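This is start_3.txt (compact mmCIF, C-alpha atoms).
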```txt
# COMPACT_ATOMS: atom_id res chain seq x y z
CA MET A 1 -2.60 -2.40 25.25
CA THR A 2 -1.93 -1.56 21.61
CA ALA A 3 0.12 -4.15 19.74
CA PRO A 4 3.50 -2.86 18.49
CA SER A 5 3.60 -1.83 14.83
CA VAL A 6 7.05 -3.40 14.49
CA ARG A 7 7.84 -6.83 15.94
CA VAL A 8 11.38 -7.97 16.70
CA GLU A 9 12.39 -11.59 17.23
CA THR A 10 15.97 -12.64 17.90
CA GLY A 11 17.44 -16.10 17.64
CA PRO A 12 20.50 -17.90 18.98
CA ASP A 13 22.08 -17.79 15.51
CA GLY A 14 22.58 -14.02 15.73
CA VAL A 15 19.76 -13.22 13.29
CA ALA A 16 16.99 -10.78 14.21
CA LEU A 17 13.66 -10.83 12.36
CA VAL A 18 12.06 -7.38 12.09
CA THR A 19 8.43 -7.49 10.96
CA LEU A 20 6.28 -4.53 9.98
CA ASP A 21 3.05 -5.52 11.71
CA ARG A 22 0.18 -3.47 10.32
CA PRO A 23 -1.32 -6.00 7.89
CA GLU A 24 -4.73 -4.32 8.02
CA ARG A 25 -3.03 -1.27 6.46
CA HIS A 26 -0.79 -3.29 4.11
CA ASN A 27 2.05 -2.48 6.53
CA ALA A 28 1.89 1.21 5.64
CA ILE A 29 4.06 3.37 7.88
CA ASP A 30 2.53 5.86 10.27
CA LEU A 31 4.53 8.16 12.52
CA GLU A 32 4.62 5.63 15.37
CA THR A 33 5.96 2.94 13.03
CA ALA A 34 8.60 5.32 11.66
CA GLU A 35 9.80 6.12 15.17
CA ARG A 36 9.76 2.45 16.14
CA LEU A 37 11.87 1.45 13.12
CA ALA A 38 14.47 4.10 13.88
CA SER A 39 14.59 2.91 17.49
CA VAL A 40 15.01 -0.74 16.46
CA TRP A 41 17.91 -0.02 14.10
CA HIS A 42 19.59 2.20 16.65
CA GLY A 43 19.21 -0.47 19.32
CA PHE A 44 20.85 -3.13 17.15
CA ARG A 45 24.02 -1.03 16.99
CA SER A 46 24.92 -1.92 20.58
CA ASP A 47 23.36 -5.40 20.70
CA ASP A 48 26.23 -7.81 20.09
CA GLY A 49 23.79 -10.71 20.01
CA VAL A 50 22.42 -9.41 16.70
CA ARG A 51 24.84 -9.86 13.80
CA ALA A 52 22.42 -9.85 10.84
CA VAL A 53 18.81 -8.83 10.27
CA VAL A 54 15.87 -9.95 8.13
CA LEU A 55 13.22 -7.32 7.39
CA THR A 56 9.71 -8.32 6.26
CA GLY A 57 6.03 -7.42 6.45
CA ALA A 58 3.21 -9.30 8.17
CA GLY A 59 0.21 -10.85 6.49
CA GLY A 60 1.63 -11.94 3.14
CA ARG A 61 -0.32 -9.39 1.07
CA ALA A 62 2.25 -6.62 1.32
CA PHE A 63 5.81 -6.04 2.41
CA CYS A 64 5.05 -2.34 2.82
CA THR A 65 2.98 0.22 0.91
CA GLY A 66 4.84 3.34 2.01
CA ILE A 67 3.52 6.07 4.22
CA ASP A 68 0.00 5.68 5.60
CA ARG A 69 -2.19 8.14 3.70
CA THR A 70 -4.00 9.07 6.93
CA VAL A 71 -0.78 10.60 8.31
CA GLN A 72 -0.66 14.38 8.38
CA VAL A 73 2.85 15.83 8.17
CA PRO A 74 2.82 19.66 8.33
CA GLN A 75 5.31 21.18 5.91
CA PRO A 76 7.30 24.41 6.03
CA SER A 77 6.36 27.01 3.44
CA SER A 78 9.87 27.14 1.98
CA PRO A 79 10.33 25.12 -1.25
CA TYR A 80 13.87 24.37 -0.05
CA SER A 81 12.71 22.42 3.00
CA LEU A 82 10.77 19.18 3.35
CA ASP A 83 9.85 17.25 6.48
CA ASP A 84 9.79 13.57 5.52
CA PRO A 85 9.34 11.05 8.36
CA LEU A 86 10.50 8.21 6.10
CA LEU A 87 14.04 9.56 5.81
CA THR A 88 14.95 8.02 9.18
CA ILE A 89 13.30 4.59 8.86
CA GLY A 90 16.22 2.75 7.26
CA PRO A 91 19.18 1.01 8.92
CA LYS A 92 21.85 3.14 7.23
CA ALA A 93 20.06 6.36 8.21
CA ASN A 94 20.51 5.16 11.80
CA ASP A 95 24.20 4.28 11.39
CA LEU A 96 23.65 0.52 11.49
CA TRP A 97 26.22 -1.41 9.45
CA LYS A 98 25.12 -4.91 10.30
CA PRO A 99 23.75 -6.57 7.14
CA VAL A 100 20.00 -6.39 6.51
CA VAL A 101 18.22 -8.74 4.09
CA ALA A 102 14.70 -7.87 2.92
CA ALA A 103 12.13 -10.66 2.52
CA VAL A 104 9.38 -9.40 0.20
CA GLU A 105 5.98 -11.08 0.02
CA GLY A 106 3.16 -9.32 -1.83
CA MET A 107 3.27 -5.61 -2.68
CA ALA A 108 6.23 -3.33 -2.13
CA CYS A 109 5.55 0.18 -3.34
CA GLY A 110 6.25 3.87 -2.89
CA GLY A 111 7.79 4.59 0.48
CA ALA A 112 8.75 0.93 0.89
CA PHE A 113 11.70 1.82 -1.34
CA TYR A 114 13.22 3.87 1.50
CA LEU A 115 13.64 0.54 3.31
CA LEU A 116 14.58 -1.60 0.32
CA GLY A 117 17.17 0.99 -0.70
CA GLU A 118 19.03 0.51 2.58
CA CYS A 119 19.03 -3.31 2.65
CA GLU A 120 22.01 -5.28 1.39
CA PHE A 121 19.90 -7.50 -0.86
CA LEU A 122 16.34 -8.70 -1.41
CA VAL A 123 14.73 -12.12 -1.41
CA ALA A 124 11.30 -12.11 -3.05
CA SER A 125 8.38 -14.48 -3.31
CA GLU A 126 7.24 -15.33 -6.82
CA GLU A 127 4.04 -13.41 -6.04
CA ALA A 128 5.85 -10.21 -5.02
CA THR A 129 5.21 -7.05 -7.03
CA PHE A 130 6.91 -3.66 -7.02
CA PHE A 131 5.43 -0.34 -8.15
CA ASP A 132 5.62 3.38 -7.51
CA PRO A 133 2.25 5.20 -7.49
CA HIS A 134 3.57 8.75 -7.16
CA THR A 135 3.12 10.10 -10.68
CA SER A 136 -0.43 8.72 -10.92
CA TYR A 137 -1.39 10.83 -7.90
CA GLY A 138 0.35 14.01 -9.01
CA MET A 139 3.42 13.52 -6.84
CA VAL A 140 7.12 13.59 -7.69
CA SER A 141 8.91 10.32 -7.10
CA ALA A 142 12.16 11.80 -5.81
CA TYR A 143 13.59 9.87 -2.88
CA GLU A 144 12.04 6.62 -4.10
CA SER A 145 13.53 6.99 -7.57
CA VAL A 146 16.99 7.72 -6.20
CA PHE A 147 16.89 4.57 -4.07
CA MET A 148 15.70 2.38 -6.94
CA ALA A 149 18.09 3.90 -9.49
CA GLN A 150 20.92 2.60 -7.30
CA ARG A 151 19.49 -0.92 -7.27
CA MET A 152 18.37 -1.33 -10.89
CA PRO A 153 19.42 -0.41 -14.43
CA TYR A 154 18.42 3.18 -15.20
CA GLY A 155 15.77 2.27 -17.77
CA GLU A 156 14.07 -0.15 -15.40
CA ALA A 157 14.09 2.36 -12.53
CA ALA A 158 12.70 5.04 -14.86
CA ARG A 159 9.91 2.80 -16.08
CA LEU A 160 9.05 1.78 -12.52
CA ALA A 161 8.80 5.42 -11.42
CA LEU A 162 7.07 6.88 -14.47
CA MET A 163 4.42 4.22 -15.13
CA GLY A 164 2.80 4.84 -11.74
CA THR A 165 -0.10 2.55 -10.92
CA ALA A 166 -0.53 1.40 -14.53
CA GLU A 167 2.12 -1.30 -14.20
CA ARG A 168 3.67 -3.50 -11.56
CA LEU A 169 7.09 -5.05 -11.75
CA GLY A 170 6.70 -8.77 -11.14
CA ALA A 171 9.08 -10.86 -9.09
CA ARG A 172 10.55 -12.63 -12.12
CA ARG A 173 11.43 -9.33 -13.82
CA ALA A 174 12.76 -7.97 -10.52
CA TYR A 175 15.08 -10.98 -10.37
CA GLU A 176 16.16 -10.58 -14.00
CA THR A 177 17.10 -6.93 -13.45
CA GLY A 178 18.96 -7.56 -10.19
CA LEU A 179 16.48 -5.92 -7.83
CA ALA A 180 15.82 -9.30 -6.20
CA SER A 181 18.73 -11.69 -5.66
CA GLU A 182 16.61 -14.80 -5.08
CA LEU A 183 13.07 -15.97 -5.84
CA THR A 184 11.11 -18.36 -3.64
CA PRO A 185 7.73 -20.07 -3.81
CA PRO A 186 4.89 -18.06 -2.21
CA GLY A 187 5.39 -17.82 1.53
CA GLY A 188 9.05 -18.81 1.33
CA ALA A 189 10.82 -15.45 1.31
CA VAL A 190 11.39 -15.14 5.05
CA ALA A 191 12.83 -18.64 5.41
CA ALA A 192 15.21 -18.07 2.48
CA ALA A 193 16.25 -14.67 3.80
CA ARG A 194 16.89 -16.16 7.23
CA ARG A 195 19.12 -18.84 5.75
CA ALA A 196 21.19 -16.20 4.00
CA ALA A 197 21.28 -13.99 7.10
CA ALA A 198 22.45 -16.93 9.22
CA VAL A 199 25.46 -17.31 6.93
CA LEU A 200 26.22 -13.59 7.32
CA ALA A 201 25.82 -13.80 11.10
CA ALA A 202 28.27 -16.72 11.27
CA GLN A 203 31.09 -14.71 9.65
CA PRO A 204 33.43 -12.53 11.77
CA THR A 205 31.19 -9.54 12.43
CA GLY A 206 33.89 -6.87 12.12
CA ALA A 207 34.76 -8.04 8.63
CA VAL A 208 31.10 -8.23 7.63
CA GLN A 209 30.25 -4.76 8.91
CA GLY A 210 33.36 -3.30 7.29
CA THR A 211 32.36 -4.84 3.98
CA VAL A 212 28.81 -3.46 4.28
CA ARG A 213 30.29 -0.03 4.94
CA ALA A 214 32.64 -0.33 1.95
CA LEU A 215 29.80 -1.37 -0.36
CA TRP A 216 27.68 1.54 0.83
CA ALA A 217 30.58 3.98 0.39
CA SER A 218 30.81 3.00 -3.27
CA ARG A 219 27.52 4.75 -3.99
CA GLU A 220 27.05 7.06 -1.00
CA ALA A 221 28.42 10.24 -2.56
CA VAL A 222 26.21 10.00 -5.65
CA ARG A 223 23.20 9.18 -3.52
CA ALA A 224 23.73 12.13 -1.18
CA GLN A 225 24.11 14.54 -4.09
CA ALA A 226 20.94 13.23 -5.76
CA LEU A 227 18.88 13.34 -2.57
CA ALA A 228 19.88 16.96 -1.99
CA HIS A 229 17.67 17.95 -4.94
CA ALA A 230 14.61 16.05 -3.70
CA PRO A 231 12.92 18.72 -1.53
CA GLN A 232 12.90 21.34 -4.29
CA LEU A 233 11.75 18.87 -6.94
CA ILE A 234 8.87 17.74 -4.72
CA ALA A 235 7.89 21.31 -3.85
CA LEU A 236 7.89 22.35 -7.51
CA GLY A 237 6.30 19.26 -9.05
CA ASN A 238 3.70 18.03 -6.56
CA LEU A 239 0.05 18.90 -7.09
CA PRO A 240 -1.71 20.56 -4.15
CA PRO A 241 -2.84 18.00 -1.53
CA GLU A 242 -6.52 18.35 -2.39
CA ARG A 243 -5.85 17.50 -6.04
CA GLN A 244 -3.70 14.55 -5.02
CA ALA A 245 -6.57 13.32 -2.85
CA GLY A 246 -8.95 13.62 -5.77
CA LEU A 247 -6.70 11.52 -8.00
CA PHE A 248 -6.32 8.94 -5.25
CA ALA A 249 -10.08 8.71 -4.75
CA SER A 250 -10.65 8.12 -8.46
CA ARG A 251 -7.76 5.67 -8.88
CA SER A 252 -8.13 2.74 -11.22
CA ARG A 253 -7.58 -0.84 -10.09
CA ASP A 254 -6.41 -1.85 -13.56
CA PHE A 255 -2.72 -2.59 -13.94
CA ARG A 256 -0.39 -4.86 -15.83
CA VAL A 257 2.22 -7.07 -14.16
CA ARG A 258 5.45 -7.14 -16.11
```
Would you mind writing the file out in structure tokens?
Amino acid sequence: MTAPSVRVETGPDGVALVTLDRPERHNAIDLETAERLASVWHGFRSDDGVRAVVLTGAGGRAFCTGIDRTVQVPQPSSPYSLDDPLLTIGPKANDLWKPVVAAVEGMACGGAFYLLGECEFLVASEEATFFDPHTSYGMVSAYESVFMAQRMPYGEAARLALMGTAERLGARRAYETGLASELTPPGGAVAAARRAAAVLAAQPTGAVQGTVRALWASREAVRAQALAHAPQLIALGNLPPERQAGLFASRSRDFRVR
């Protein structure tokens, strides 16, 4: 029997731990994982035993590295349409308003930002790094940039998106810019996130969920308007898939951690 790509553990304190469990692929998301995530978030909506959630990745080397490059997603010919399986992997996309705290160990890049953009806050290990490889591979960073621009100062989000694989944002800088709310020693992110989530789970859940919804509403309109442009920008700016593959195959391993 194939092991699940997403593990869920619940505790008596009302906190659920959701773990992306594809460490051999740096927790990259294939179609099965995308469907499983959507199902997990949707299930939490009616599970009164879950009042807060911690989201992390298995293995310690990566939180998530975005969509698995082996996944084939056929696209419509229209430049005004885009089929993106990552659009439904986040808690807010599945109408879940229970608080979600991300625990980031290792790399978080590209499509991982779909998840980080829909968490309430992030706890990061001192060894965590964040980067967006899209431009290096001839791809428009559209959805990812919108999510990060709502979590970071504009200049930092722009640098993250435009520098591609040449630079990684280190955990210390992520903390200084507000992307991460807490830093921990290596291996300590999940424990710290669970402590915070336990506090959230102990509060009256109606008040907590209402506050999450209010916080999200404060930026929802801008986000929706920005995301509406993404399909056309991707269709116009992306290189053909074969050229993207060529750039990926010749990618450099050199980068600077900032």
May I have a table of the residues of region 87-140 of chain A lying at most 9 Å from region 150-174 of chain A, giving each one's closest pair of atoms and their distance in Å to one decimal, counting only C-alpha atoms, ordered by chain and ascending residue number, as JSON lines?
```
{"residue": "A:Gly117", "atom": "CA", "partner": "A:Arg151", "partner_atom": "CA", "distance": 7.2}
{"residue": "A:Ala124", "atom": "CA", "partner": "A:Ala171", "partner_atom": "CA", "distance": 6.6}
{"residue": "A:Ser125", "atom": "CA", "partner": "A:Ala171", "partner_atom": "CA", "distance": 6.9}
{"residue": "A:Glu126", "atom": "CA", "partner": "A:Ala171", "partner_atom": "CA", "distance": 5.3}
{"residue": "A:Glu127", "atom": "CA", "partner": "A:Ala171", "partner_atom": "CA", "distance": 6.4}
{"residue": "A:Ala128", "atom": "CA", "partner": "A:Ala171", "partner_atom": "CA", "distance": 5.2}
{"residue": "A:Thr129", "atom": "CA", "partner": "A:Gly170", "partner_atom": "CA", "distance": 4.7}
{"residue": "A:Phe130", "atom": "CA", "partner": "A:Leu169", "partner_atom": "CA", "distance": 4.9}
{"residue": "A:Phe131", "atom": "CA", "partner": "A:Arg168", "partner_atom": "CA", "distance": 5.0}
{"residue": "A:Asp132", "atom": "CA", "partner": "A:Gly164", "partner_atom": "CA", "distance": 5.3}
{"residue": "A:Pro133", "atom": "CA", "partner": "A:Gly164", "partner_atom": "CA", "distance": 4.3}
{"residue": "A:His134", "atom": "CA", "partner": "A:Gly164", "partner_atom": "CA", "distance": 6.1}
{"residue": "A:Thr135", "atom": "CA", "partner": "A:Gly164", "partner_atom": "CA", "distance": 5.4}
{"residue": "A:Ser136", "atom": "CA", "partner": "A:Gly164", "partner_atom": "CA", "distance": 5.1}
{"residue": "A:Tyr137", "atom": "CA", "partner": "A:Gly164", "partner_atom": "CA", "distance": 8.3}
```
Writer output for current selection, C-alpha atoms, as a CSV table (one decimal), keeping the file's coordinate frame:
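Saved the output as again-v2.csv:
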```
chain,number,residue,atom,x,y,z
A,117,GLY,CA,17.2,1.0,-0.7
A,124,ALA,CA,11.3,-12.1,-3.0
A,125,SER,CA,8.4,-14.5,-3.3
A,126,GLU,CA,7.2,-15.3,-6.8
A,127,GLU,CA,4.0,-13.4,-6.0
A,128,ALA,CA,5.8,-10.2,-5.0
A,129,THR,CA,5.2,-7.0,-7.0
A,130,PHE,CA,6.9,-3.7,-7.0
A,131,PHE,CA,5.4,-0.3,-8.2
A,132,ASP,CA,5.6,3.4,-7.5
A,133,PRO,CA,2.2,5.2,-7.5
A,134,HIS,CA,3.6,8.8,-7.2
A,135,THR,CA,3.1,10.1,-10.7
A,136,SER,CA,-0.4,8.7,-10.9
A,137,TYR,CA,-1.4,10.8,-7.9
```
| task | Work out how far apart CA of Ala226 (chain A) and CA of Gly90 (chain A) are and give it in Å to one decimal. | result |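 Rounded to one decimal, the two atoms are 17.4 Å apart.
Distances to Asp84 (chain A) were evaluated for A:Val40, A:Pro231, A:Asn27, A:Asp21 using all atoms listed in the file, and the minimum falls at A:Pro231.
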| task | Kindly provide, as a PyMOL selection string, the polymer residues lying within 6 Å of (27.3, -1.4, 15.2), counting all atoms listed in the file and using the coordinates exactly as they appear in the file. | result | chain A and resi 45-46+96-97
| query | Which of these, A:Thr33, A:Gln72, A:Thr56, A:Ser141, has the shortest distance to Asn238 (chain A) once you count all atoms listed in the file? | reply |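 So, comparing all the options, the nearest one is A:Ser141.
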| query | Could you pull the residues within 12 Å of Ala245 (chain A), counting all atoms listed in the file, minus those fewer than 3 positions along the same chain, as a list in words? | reply |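 Near neighbours after the sequence-gap exclusion: Arg69, Thr70, His134, Ser136, Tyr137, Gly138, Met139, Asn238, Leu239, Pro240, Pro241, Glu242, Phe248, Ala249, Ser250 and Arg251 of chain A.
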| If we count all atoms listed in the file, what is near Pro12 (chain A) at a cut-off of 12 Å, once residues fewer than 3 positions away on the same chain are taken out, given as a ChimeraX atom specification? | /A:9,15-17,48-52,198,201-202
| said: as a PyMOL selection string, please: the residues near Ala102 (chain A) (cut-off 6 Å, only C-alpha atoms, same-chain neighbours under 2 positions excluded). | reply: chain A and resi 54-55+122
Residues just named, written with C-alpha atoms as a compact mmCIF listing (two decimals), keeping the file's coordinate frame:
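Listing of out_4.txt after writing:
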```txt
# COMPACT_ATOMS: atom_id res chain seq x y z
CA VAL A 54 15.87 -9.95 8.13
CA LEU A 55 13.22 -7.32 7.39
CA LEU A 122 16.34 -8.70 -1.41
```
| task | Tell me, as a list in words, which residues lie within 8 Å of Asp83 (chain A), counting all atoms listed in the file; anything in the same chain fewer than 6 positions away does not count. | result | Val73, Pro74, Gln75 and Pro76 of chain A
| Counting all atoms listed in the file, the option among A:Val100, A:Leu31, A:Leu115, A:Val123 closest to Thr184 (chain A) |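 Answer, going by the shortest atom-to-atom distance: A:Val123.
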| request: Could you jot down the CA of Val199 (chain A) to CA of His42 (chain A) separation for me, Å, one decimal place? | output: 22.6 Å
| Of the candidates A:Tyr143, A:Val104, A:Asp47, A:Gly110, which one gets nearest to Glu182 (chain A) if we count all atoms listed in the file? |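 Looking only at the distances to Glu182 (chain A), the closest residue turns out to be A:Val104.
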| Mind pulling up the distance from CA of Lys98 (chain A) to CA of Arg213 (chain A)? | 8.9 Å
| task | List every protein, DNA or RNA residue that has at least one atom no more than 7 Å from (-4.4, -7.0, 5.8) in the file's coordinates, counting only C-alpha atoms, and write the result as a PyMOL selection string. | result | chain A and resi 23-26+59+61
| task | Could you check which of A:Ala214, A:Ala103, A:Val208, A:Ile234 is closest to Ser181 (chain A), using all atoms listed in the file? | result |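 Answer, going by the shortest atom-to-atom distance: A:Ala103.
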| Of the residues A:Thr88, A:Ser252, A:Asn94, A:Gln203, which is the one nearest to Gly43 (chain A), using all atoms listed in the file? | A:Asn94
| field | All residues 6 Å or closer to Ala62 (chain A), all atoms listed in the file, same chain fewer than 3 positions away omitted, as a ChimeraX atom specification | value | /A:26,105-107
